[in-house]
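Shown next: coords_33.txt, containing compact mmCIF, C-alpha atoms.
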```txt
# COMPACT_ATOMS: atom_id res chain seq x y z
CA LYS C 1 0.00 0.00 0.00
CA ARG C 2 1.54 3.28 -1.12
CA GLU C 3 1.33 6.02 1.49
CA THR C 4 3.95 8.30 -0.05
CA GLY C 5 4.38 10.05 -3.39
CA ARG C 6 1.52 11.25 -5.60
CA LYS C 7 -0.89 8.50 -4.59
CA GLY C 8 -0.29 9.03 -0.87
CA LYS C 9 -0.87 12.79 -1.17
CA ARG C 10 -4.00 12.25 -3.27
CA ARG C 11 -5.82 10.59 -0.37
CA LYS C 12 -5.43 13.74 1.71
CA LEU C 13 -6.95 16.07 -0.92
CA PRO C 14 -10.61 16.95 -1.39
CA THR C 15 -12.09 15.92 -4.74
CA THR C 16 -12.08 19.55 -5.89
CA ALA C 17 -8.25 19.56 -5.71
CA LYS C 18 -7.78 16.28 -7.62
CA GLU C 19 -7.48 15.61 -11.34
CA SER C 20 -10.64 13.50 -11.03
CA GLN C 21 -12.62 16.72 -10.51
CA ARG C 22 -12.68 16.94 -14.32
CA TRP C 23 -15.26 14.12 -14.40
CA LEU C 24 -17.56 16.06 -12.08
CA ASP C 25 -17.01 19.25 -14.07
CA GLY C 26 -17.73 17.38 -17.31
CA ALA C 27 -21.03 16.10 -15.92
CA ASP C 28 -22.01 19.61 -14.83
CA HIS C 29 -21.06 21.01 -18.25
CA ALA C 30 -23.10 18.31 -20.03
CA ALA C 31 -26.11 19.04 -17.81
CA ARG C 32 -25.93 22.75 -18.62
CA ALA C 33 -25.42 22.14 -22.35
CA CYS C 34 -28.35 19.70 -22.42
CA ALA C 35 -30.62 21.64 -20.06
CA THR C 36 -33.61 21.28 -22.39
CA ALA C 37 -33.10 17.56 -23.05
CA ARG C 38 -35.89 15.23 -22.01
CA GLN C 39 -33.36 12.94 -20.34
CA LEU C 40 -29.60 12.97 -19.72
CA THR C 41 -27.43 9.96 -18.99
CA ILE C 42 -23.72 10.46 -18.36
CA ILE C 43 -21.77 7.41 -19.52
CA ALA C 44 -18.18 6.86 -18.45
CA ASP C 45 -15.49 4.22 -18.15
CA ARG C 46 -13.54 3.10 -15.08
CA GLU C 47 -11.57 6.30 -14.54
CA SER C 48 -14.87 7.97 -13.64
CA ASP C 49 -15.73 5.46 -10.90
CA ILE C 50 -15.66 8.15 -8.22
CA TYR C 51 -17.98 8.18 -5.20
CA ALA C 52 -18.24 11.98 -5.31
CA ALA C 53 -19.28 11.87 -8.98
CA PHE C 54 -22.35 9.84 -8.07
CA ALA C 55 -23.06 11.85 -4.91
CA LEU C 56 -22.74 15.22 -6.67
CA ARG C 57 -24.20 14.37 -10.06
CA PRO C 58 -26.31 17.09 -11.67
CA ALA C 59 -29.99 17.13 -10.73
CA GLY C 60 -32.06 15.07 -13.12
CA ALA C 61 -29.05 13.37 -14.73
CA HIS C 62 -28.47 9.63 -14.61
CA MET C 63 -25.07 7.97 -14.66
CA ILE C 64 -23.68 4.71 -16.02
CA VAL C 65 -20.06 4.07 -15.02
CA ARG C 66 -17.98 0.93 -15.43
CA ALA C 67 -16.91 -0.05 -11.92
CA ALA C 68 -13.17 0.07 -11.33
CA GLN C 69 -13.02 -1.05 -7.73
CA ASP C 70 -14.66 -3.52 -5.42
CA ARG C 71 -16.29 -0.97 -3.13
CA SER C 72 -17.52 -1.47 0.42
CA LEU C 73 -21.26 -1.63 0.89
CA GLY C 74 -23.40 -0.24 3.68
CA ASP C 75 -24.24 -3.77 4.85
CA GLY C 76 -20.56 -4.64 5.33
CA GLY C 77 -20.21 -6.64 2.12
CA LEU C 78 -18.34 -5.87 -1.08
CA LEU C 79 -19.79 -4.72 -4.40
CA PHE C 80 -18.48 -7.47 -6.67
CA GLY C 81 -19.39 -10.25 -4.24
CA LYS C 82 -22.93 -8.88 -3.99
CA VAL C 83 -23.55 -8.93 -7.73
CA ASP C 84 -21.74 -12.27 -8.17
CA ALA C 85 -24.14 -13.80 -5.62
CA GLN C 86 -27.22 -12.75 -7.61
CA PRO C 87 -28.98 -15.34 -9.75
CA GLU C 88 -28.52 -15.05 -13.48
CA ALA C 89 -31.35 -12.87 -14.81
CA GLY C 90 -30.92 -14.09 -18.37
CA ARG C 91 -28.63 -14.07 -21.37
CA THR C 92 -28.18 -11.84 -24.36
CA THR C 93 -25.95 -11.75 -27.41
CA LEU C 94 -23.68 -8.92 -28.41
CA GLU C 95 -22.03 -8.30 -31.77
CA LEU C 96 -18.40 -7.45 -31.04
CA PRO C 97 -16.68 -5.54 -33.84
CA ALA C 98 -13.22 -6.50 -34.99
CA LYS C 99 -10.30 -4.76 -33.39
CA PRO C 100 -6.53 -5.19 -33.72
CA GLY C 101 -5.73 -8.77 -32.78
CA ARG C 102 -9.39 -9.89 -32.62
CA ALA C 103 -11.87 -10.85 -35.31
CA ALA C 104 -15.49 -9.72 -35.11
CA ARG C 105 -17.64 -12.21 -33.24
CA LYS C 106 -20.97 -12.75 -31.54
CA ALA C 107 -20.67 -13.01 -27.75
CA THR C 108 -23.18 -14.63 -25.40
CA LEU C 109 -23.43 -12.71 -22.12
CA ALA C 110 -24.86 -13.75 -18.77
CA VAL C 111 -26.64 -10.87 -17.03
CA HIS C 112 -26.82 -10.28 -13.25
CA PHE C 113 -28.02 -7.17 -11.43
CA ALA C 114 -28.58 -5.90 -7.90
CA CYS C 115 -29.52 -2.83 -5.93
CA VAL C 116 -26.61 -1.77 -3.70
CA ALA C 117 -25.83 0.84 -1.08
CA LEU C 118 -22.25 1.99 -1.64
CA LYS C 119 -20.48 3.10 1.52
CA ARG C 120 -18.61 6.41 1.46
CA PRO C 121 -14.88 5.63 1.21
CA LYS C 122 -13.28 5.89 4.63
CA ASN C 123 -10.19 7.57 3.18
CA THR C 124 -12.07 10.54 1.69
CA VAL C 125 -11.70 14.00 3.16
CA ASP C 126 -14.98 15.05 1.53
CA GLU C 127 -17.01 14.91 4.74
CA ASP C 128 -20.09 16.49 3.13
CA LEU C 129 -20.79 13.38 1.03
CA PRO C 130 -23.58 11.03 2.17
CA ASP C 131 -22.61 7.95 4.20
CA THR C 132 -24.17 5.66 1.56
CA LEU C 133 -25.43 5.95 -2.00
CA ASN C 134 -28.17 3.73 -3.38
CA LEU C 135 -27.24 2.60 -6.88
CA ASN C 136 -27.78 -0.38 -9.14
CA ILE C 137 -25.13 -2.63 -10.62
CA VAL C 138 -25.48 -4.56 -13.85
CA ASP C 139 -22.93 -7.30 -14.45
CA VAL C 140 -22.56 -8.77 -17.95
CA ARG C 141 -19.94 -11.39 -18.65
CA GLU C 142 -19.21 -13.50 -21.65
CA VAL C 143 -19.91 -17.20 -21.29
CA ASP C 144 -18.00 -19.87 -23.21
CA ALA C 145 -15.50 -17.27 -24.40
CA GLY C 146 -12.52 -19.58 -24.32
CA LEU C 147 -9.10 -18.04 -23.98
CA GLY C 148 -8.28 -14.42 -24.60
CA ASP C 149 -10.06 -11.13 -24.23
CA CYS C 150 -13.61 -11.72 -23.02
CA VAL C 151 -16.33 -9.20 -22.15
CA HIS C 152 -16.96 -8.54 -18.46
CA TRP C 153 -18.57 -5.26 -17.51
CA ARG C 154 -19.73 -4.25 -14.05
CA LEU C 155 -21.82 -1.14 -14.61
CA LEU C 156 -22.85 1.11 -11.73
CA THR C 157 -25.90 3.19 -12.51
CA THR C 158 -28.45 5.55 -11.06
CA ARG C 159 -31.00 4.30 -13.60
CA PRO C 160 -33.69 1.93 -12.33
CA VAL C 161 -32.87 -1.76 -12.82
CA THR C 162 -35.55 -4.10 -11.55
CA ASP C 163 -35.78 -6.51 -14.48
CA MET C 164 -33.85 -7.91 -17.43
CA ARG C 165 -35.24 -5.30 -19.85
CA GLN C 166 -33.94 -2.41 -17.72
CA ALA C 167 -30.58 -4.14 -17.28
CA LEU C 168 -30.24 -4.46 -21.06
CA VAL C 169 -31.06 -0.76 -21.53
CA VAL C 170 -28.07 0.04 -19.28
CA VAL C 171 -25.84 -2.32 -21.29
CA ASP C 172 -27.02 -0.81 -24.58
CA LEU C 173 -26.36 2.73 -23.38
CA TYR C 174 -22.88 1.78 -22.14
CA ARG C 175 -22.09 0.22 -25.55
CA ARG C 176 -22.51 3.66 -27.10
CA ARG C 177 -19.16 4.59 -25.56
CA TRP C 178 -17.52 2.52 -28.31
CA ALA C 179 -18.41 5.12 -30.92
CA ILE C 180 -16.94 7.84 -28.71
CA GLU C 181 -13.75 5.80 -28.19
CA GLN C 182 -13.41 5.28 -31.94
CA LEU C 183 -13.68 9.02 -32.50
CA PHE C 184 -11.03 9.75 -29.85
CA ARG C 185 -8.72 7.04 -31.24
CA THR C 186 -9.09 8.48 -34.77
CA MET C 187 -8.36 11.98 -33.51
CA LYS C 188 -5.24 10.82 -31.68
CA THR C 189 -3.84 8.49 -34.37
CA GLN C 190 -4.72 10.50 -37.45
CA GLY C 191 -3.12 13.67 -36.11
CA PHE C 192 -6.25 15.76 -35.75
```

Translate the structure of the given file into C-alpha cells.
Amino acid sequence: KRETGRKGKRRKLPTTAKESQRWLDGADHAARACATARQLTIIADRESDIYAAFALRPAGAHMIVRAAQDRSLGDGGLLFGKVDAQPEAGRTTLELPAKPGRAARKATLAVHFACVALKRPKNTVDEDLPDTLNLNIVDVREVDAGLGDCVHWRLLTTRPVTDMRQALVVVDLYRRRWAIEQLFRTMKTQGF
C-alpha cells in the first residue's frame, strides 16, 4: 500500500483539488449544455468510478459508469461479491466488432443485477458526502469465451434496474461509448 508520493498525497486532498474533478465538471457542463433535453445519462469508463461523482451528479441526470473497484457496501459486504451472488437474470448476445488482434464475433453474455448501497470511502476527506449511495449494478460477462479477451462489464448506474429489460437498456447505453472511443482514437492516431 503506497502512502507516499503522488498517490499518498492524493488521499489527503478533497475531490475539488484532484485531477478527477474533471469528471464532475464534465457532468455539470453536459447538464448545462443539455438543459432542455428530455433525459440525460452520463456514460463513463472506469476512470470515472468516483464516489463523489455519483453523490454530486447534476440534478435530473443519470449515470452509467464501469466499476473500477470492489467498493464497500453499507451492509458490510463488497460490491463485486454482492452482484456475483445474484442469480442469473438471463442471457443476451452482443455483436463485437473486430479490433486489432481480434476478429469480429458474436458473444453470449450472462446478465446479473442488484440494488446496492455503496459506503462512502473511509479515506475521503470530503465529509459532506452522504454515508451511503443507493445505486444499481449490472454485471454482464461472456460465457463460453474460451481463452483471450472476453467481455466482463460491471456497470454502476443511477438508472432503475428491476428486471432484465432495464438491465439491457443500461448495457445498450454503455455500448454507445464505443463510438466515442473510436472518434477519440481516430483523432489521436490520425493527427487531428

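If you look at atom CA of Pro97 of chain C and atom CA of Thr157 of chain C, they are 24.8 Å away from each other.
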
Residues near Asn134 of chain C, cut-off 12 Å, only C-alpha atoms, skip fewer than 3 positions along chain, as a PDB file with C-alpha atoms, in the frame of the given file:
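So part_39.pdb came out as:
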```
ATOM      1  CA  TYR C  51     -17.980   8.180  -5.200  1.00  0.00           C
ATOM      2  CA  PHE C  54     -22.350   9.840  -8.070  1.00  0.00           C
ATOM      3  CA  ALA C  55     -23.060  11.850  -4.910  1.00  0.00           C
ATOM      4  CA  LEU C  73     -21.260  -1.630   0.890  1.00  0.00           C
ATOM      5  CA  GLY C  74     -23.400  -0.240   3.680  1.00  0.00           C
ATOM      6  CA  ASP C  75     -24.240  -3.770   4.850  1.00  0.00           C
ATOM      7  CA  LEU C  79     -19.790  -4.720  -4.400  1.00  0.00           C
ATOM      8  CA  ALA C 114     -28.580  -5.900  -7.900  1.00  0.00           C
ATOM      9  CA  CYS C 115     -29.520  -2.830  -5.930  1.00  0.00           C
ATOM     10  CA  VAL C 116     -26.610  -1.770  -3.700  1.00  0.00           C
ATOM     11  CA  ALA C 117     -25.830   0.840  -1.080  1.00  0.00           C
ATOM     12  CA  LEU C 118     -22.250   1.990  -1.640  1.00  0.00           C
ATOM     13  CA  LYS C 119     -20.480   3.100   1.520  1.00  0.00           C
ATOM     14  CA  ARG C 120     -18.610   6.410   1.460  1.00  0.00           C
ATOM     15  CA  PRO C 130     -23.580  11.030   2.170  1.00  0.00           C
ATOM     16  CA  ASP C 131     -22.610   7.950   4.200  1.00  0.00           C
ATOM     17  CA  ILE C 137     -25.130  -2.630 -10.620  1.00  0.00           C
ATOM     18  CA  LEU C 156     -22.850   1.110 -11.730  1.00  0.00           C
ATOM     19  CA  THR C 157     -25.900   3.190 -12.510  1.00  0.00           C
ATOM     20  CA  THR C 158     -28.450   5.550 -11.060  1.00  0.00           C
ATOM     21  CA  ARG C 159     -31.000   4.300 -13.600  1.00  0.00           C
ATOM     22  CA  PRO C 160     -33.690   1.930 -12.330  1.00  0.00           C
ATOM     23  CA  VAL C 161     -32.870  -1.760 -12.820  1.00  0.00           C
TER      24      VAL C 161
END
```

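Put simply, atom CA of Thr92 of chain C is 15.8 Å away from atom CA of Leu155 of chain C.
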
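Among the candidates C:Leu109, C:Ala67, C:Leu40, C:Val83, the one nearest to Glu95 of chain C when counting all atoms listed in the file is C:Leu109.
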
Which residue out of C:Asp70, C:Ala85, C:Val143, C:Ala52 has the minimum interatomic distance to Glu127 of chain C when all atoms listed in the file are used? C:Ala52

Between atom CA of Leu94 of chain C and atom CA of Gln39 of chain C, what distance in Å does the model show, to one decimal?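 Between atom CA of Leu94 of chain C and atom CA of Gln39 of chain C the gap works out to 25.2 Å.
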
Which residue gives the smallest distance to Val65 of chain C among C:Asp149, C:Asp49, C:Asp172, C:Asp84, with all atoms listed in the file counted?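 Once distances to Val65 of chain C are computed over all atoms listed in the file, the minimum belongs to C:Asp49.
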
Some atoms are missing, so please complete segment 104-124 of chain C with N, CA, C and O atoms and return it as a compact mmCIF listing (two decimals), in the frame of the given file.
```
# COMPACT_ATOMS: atom_id res chain seq x y z
N ALA C 104 -14.12 -9.98 -35.55
CA ALA C 104 -15.49 -9.72 -35.11
C ALA C 104 -16.12 -11.05 -34.69
O ALA C 104 -15.83 -12.09 -35.25
N ARG C 105 -16.98 -10.99 -33.69
CA ARG C 105 -17.64 -12.21 -33.24
C ARG C 105 -18.93 -11.86 -32.50
O ARG C 105 -19.17 -10.73 -32.14
N LYS C 106 -19.74 -12.87 -32.31
CA LYS C 106 -20.97 -12.75 -31.54
C LYS C 106 -20.69 -13.34 -30.17
O LYS C 106 -20.26 -14.49 -30.06
N ALA C 107 -20.93 -12.56 -29.13
CA ALA C 107 -20.67 -13.01 -27.75
C ALA C 107 -21.99 -13.27 -27.03
O ALA C 107 -22.94 -12.50 -27.16
N THR C 108 -22.04 -14.35 -26.27
CA THR C 108 -23.18 -14.63 -25.40
C THR C 108 -22.82 -14.15 -24.00
O THR C 108 -21.76 -14.50 -23.47
N LEU C 109 -23.69 -13.31 -23.42
CA LEU C 109 -23.43 -12.71 -22.12
C LEU C 109 -24.46 -13.13 -21.10
O LEU C 109 -25.67 -13.10 -21.36
N ALA C 110 -23.98 -13.50 -19.92
CA ALA C 110 -24.86 -13.75 -18.77
C ALA C 110 -25.07 -12.42 -18.06
O ALA C 110 -24.13 -11.64 -17.91
N VAL C 111 -26.29 -12.14 -17.64
CA VAL C 111 -26.64 -10.87 -17.03
C VAL C 111 -27.06 -11.08 -15.57
O VAL C 111 -27.89 -11.94 -15.29
N HIS C 112 -26.47 -10.31 -14.67
CA HIS C 112 -26.82 -10.28 -13.25
C HIS C 112 -27.02 -8.81 -12.88
O HIS C 112 -26.37 -7.94 -13.44
N PHE C 113 -27.87 -8.54 -11.91
CA PHE C 113 -28.02 -7.17 -11.43
C PHE C 113 -28.46 -7.17 -9.98
O PHE C 113 -28.99 -8.16 -9.47
N ALA C 114 -28.21 -6.04 -9.31
CA ALA C 114 -28.58 -5.90 -7.90
C ALA C 114 -28.68 -4.43 -7.54
O ALA C 114 -28.03 -3.58 -8.14
N CYS C 115 -29.47 -4.15 -6.54
CA CYS C 115 -29.52 -2.83 -5.93
C CYS C 115 -28.49 -2.85 -4.80
O CYS C 115 -28.42 -3.82 -4.04
N VAL C 116 -27.67 -1.81 -4.71
CA VAL C 116 -26.61 -1.77 -3.70
C VAL C 116 -26.58 -0.42 -3.02
O VAL C 116 -27.02 0.58 -3.59
N ALA C 117 -26.07 -0.41 -1.81
CA ALA C 117 -25.83 0.84 -1.08
C ALA C 117 -24.32 0.97 -0.90
O ALA C 117 -23.73 0.29 -0.04
N LEU C 118 -23.69 1.79 -1.75
CA LEU C 118 -22.25 1.99 -1.64
C LEU C 118 -21.95 2.79 -0.38
O LEU C 118 -22.63 3.77 -0.08
N LYS C 119 -20.91 2.39 0.31
CA LYS C 119 -20.48 3.10 1.52
C LYS C 119 -19.46 4.17 1.12
O LYS C 119 -18.60 3.93 0.27
N ARG C 120 -19.58 5.35 1.75
CA ARG C 120 -18.61 6.41 1.46
C ARG C 120 -17.21 5.89 1.81
O ARG C 120 -17.01 5.29 2.87
N PRO C 121 -16.24 6.10 0.92
CA PRO C 121 -14.88 5.63 1.21
C PRO C 121 -14.37 6.23 2.52
O PRO C 121 -14.55 7.42 2.78
N LYS C 122 -13.76 5.40 3.32
CA LYS C 122 -13.28 5.89 4.63
C LYS C 122 -12.07 6.79 4.49
O LYS C 122 -11.77 7.56 5.39
N ASN C 123 -11.38 6.74 3.34
CA ASN C 123 -10.19 7.57 3.18
C ASN C 123 -10.48 8.92 2.54
O ASN C 123 -9.57 9.67 2.24
N THR C 124 -11.76 9.26 2.31
CA THR C 124 -12.07 10.54 1.69
C THR C 124 -12.04 11.66 2.73
O THR C 124 -12.35 11.43 3.89
```
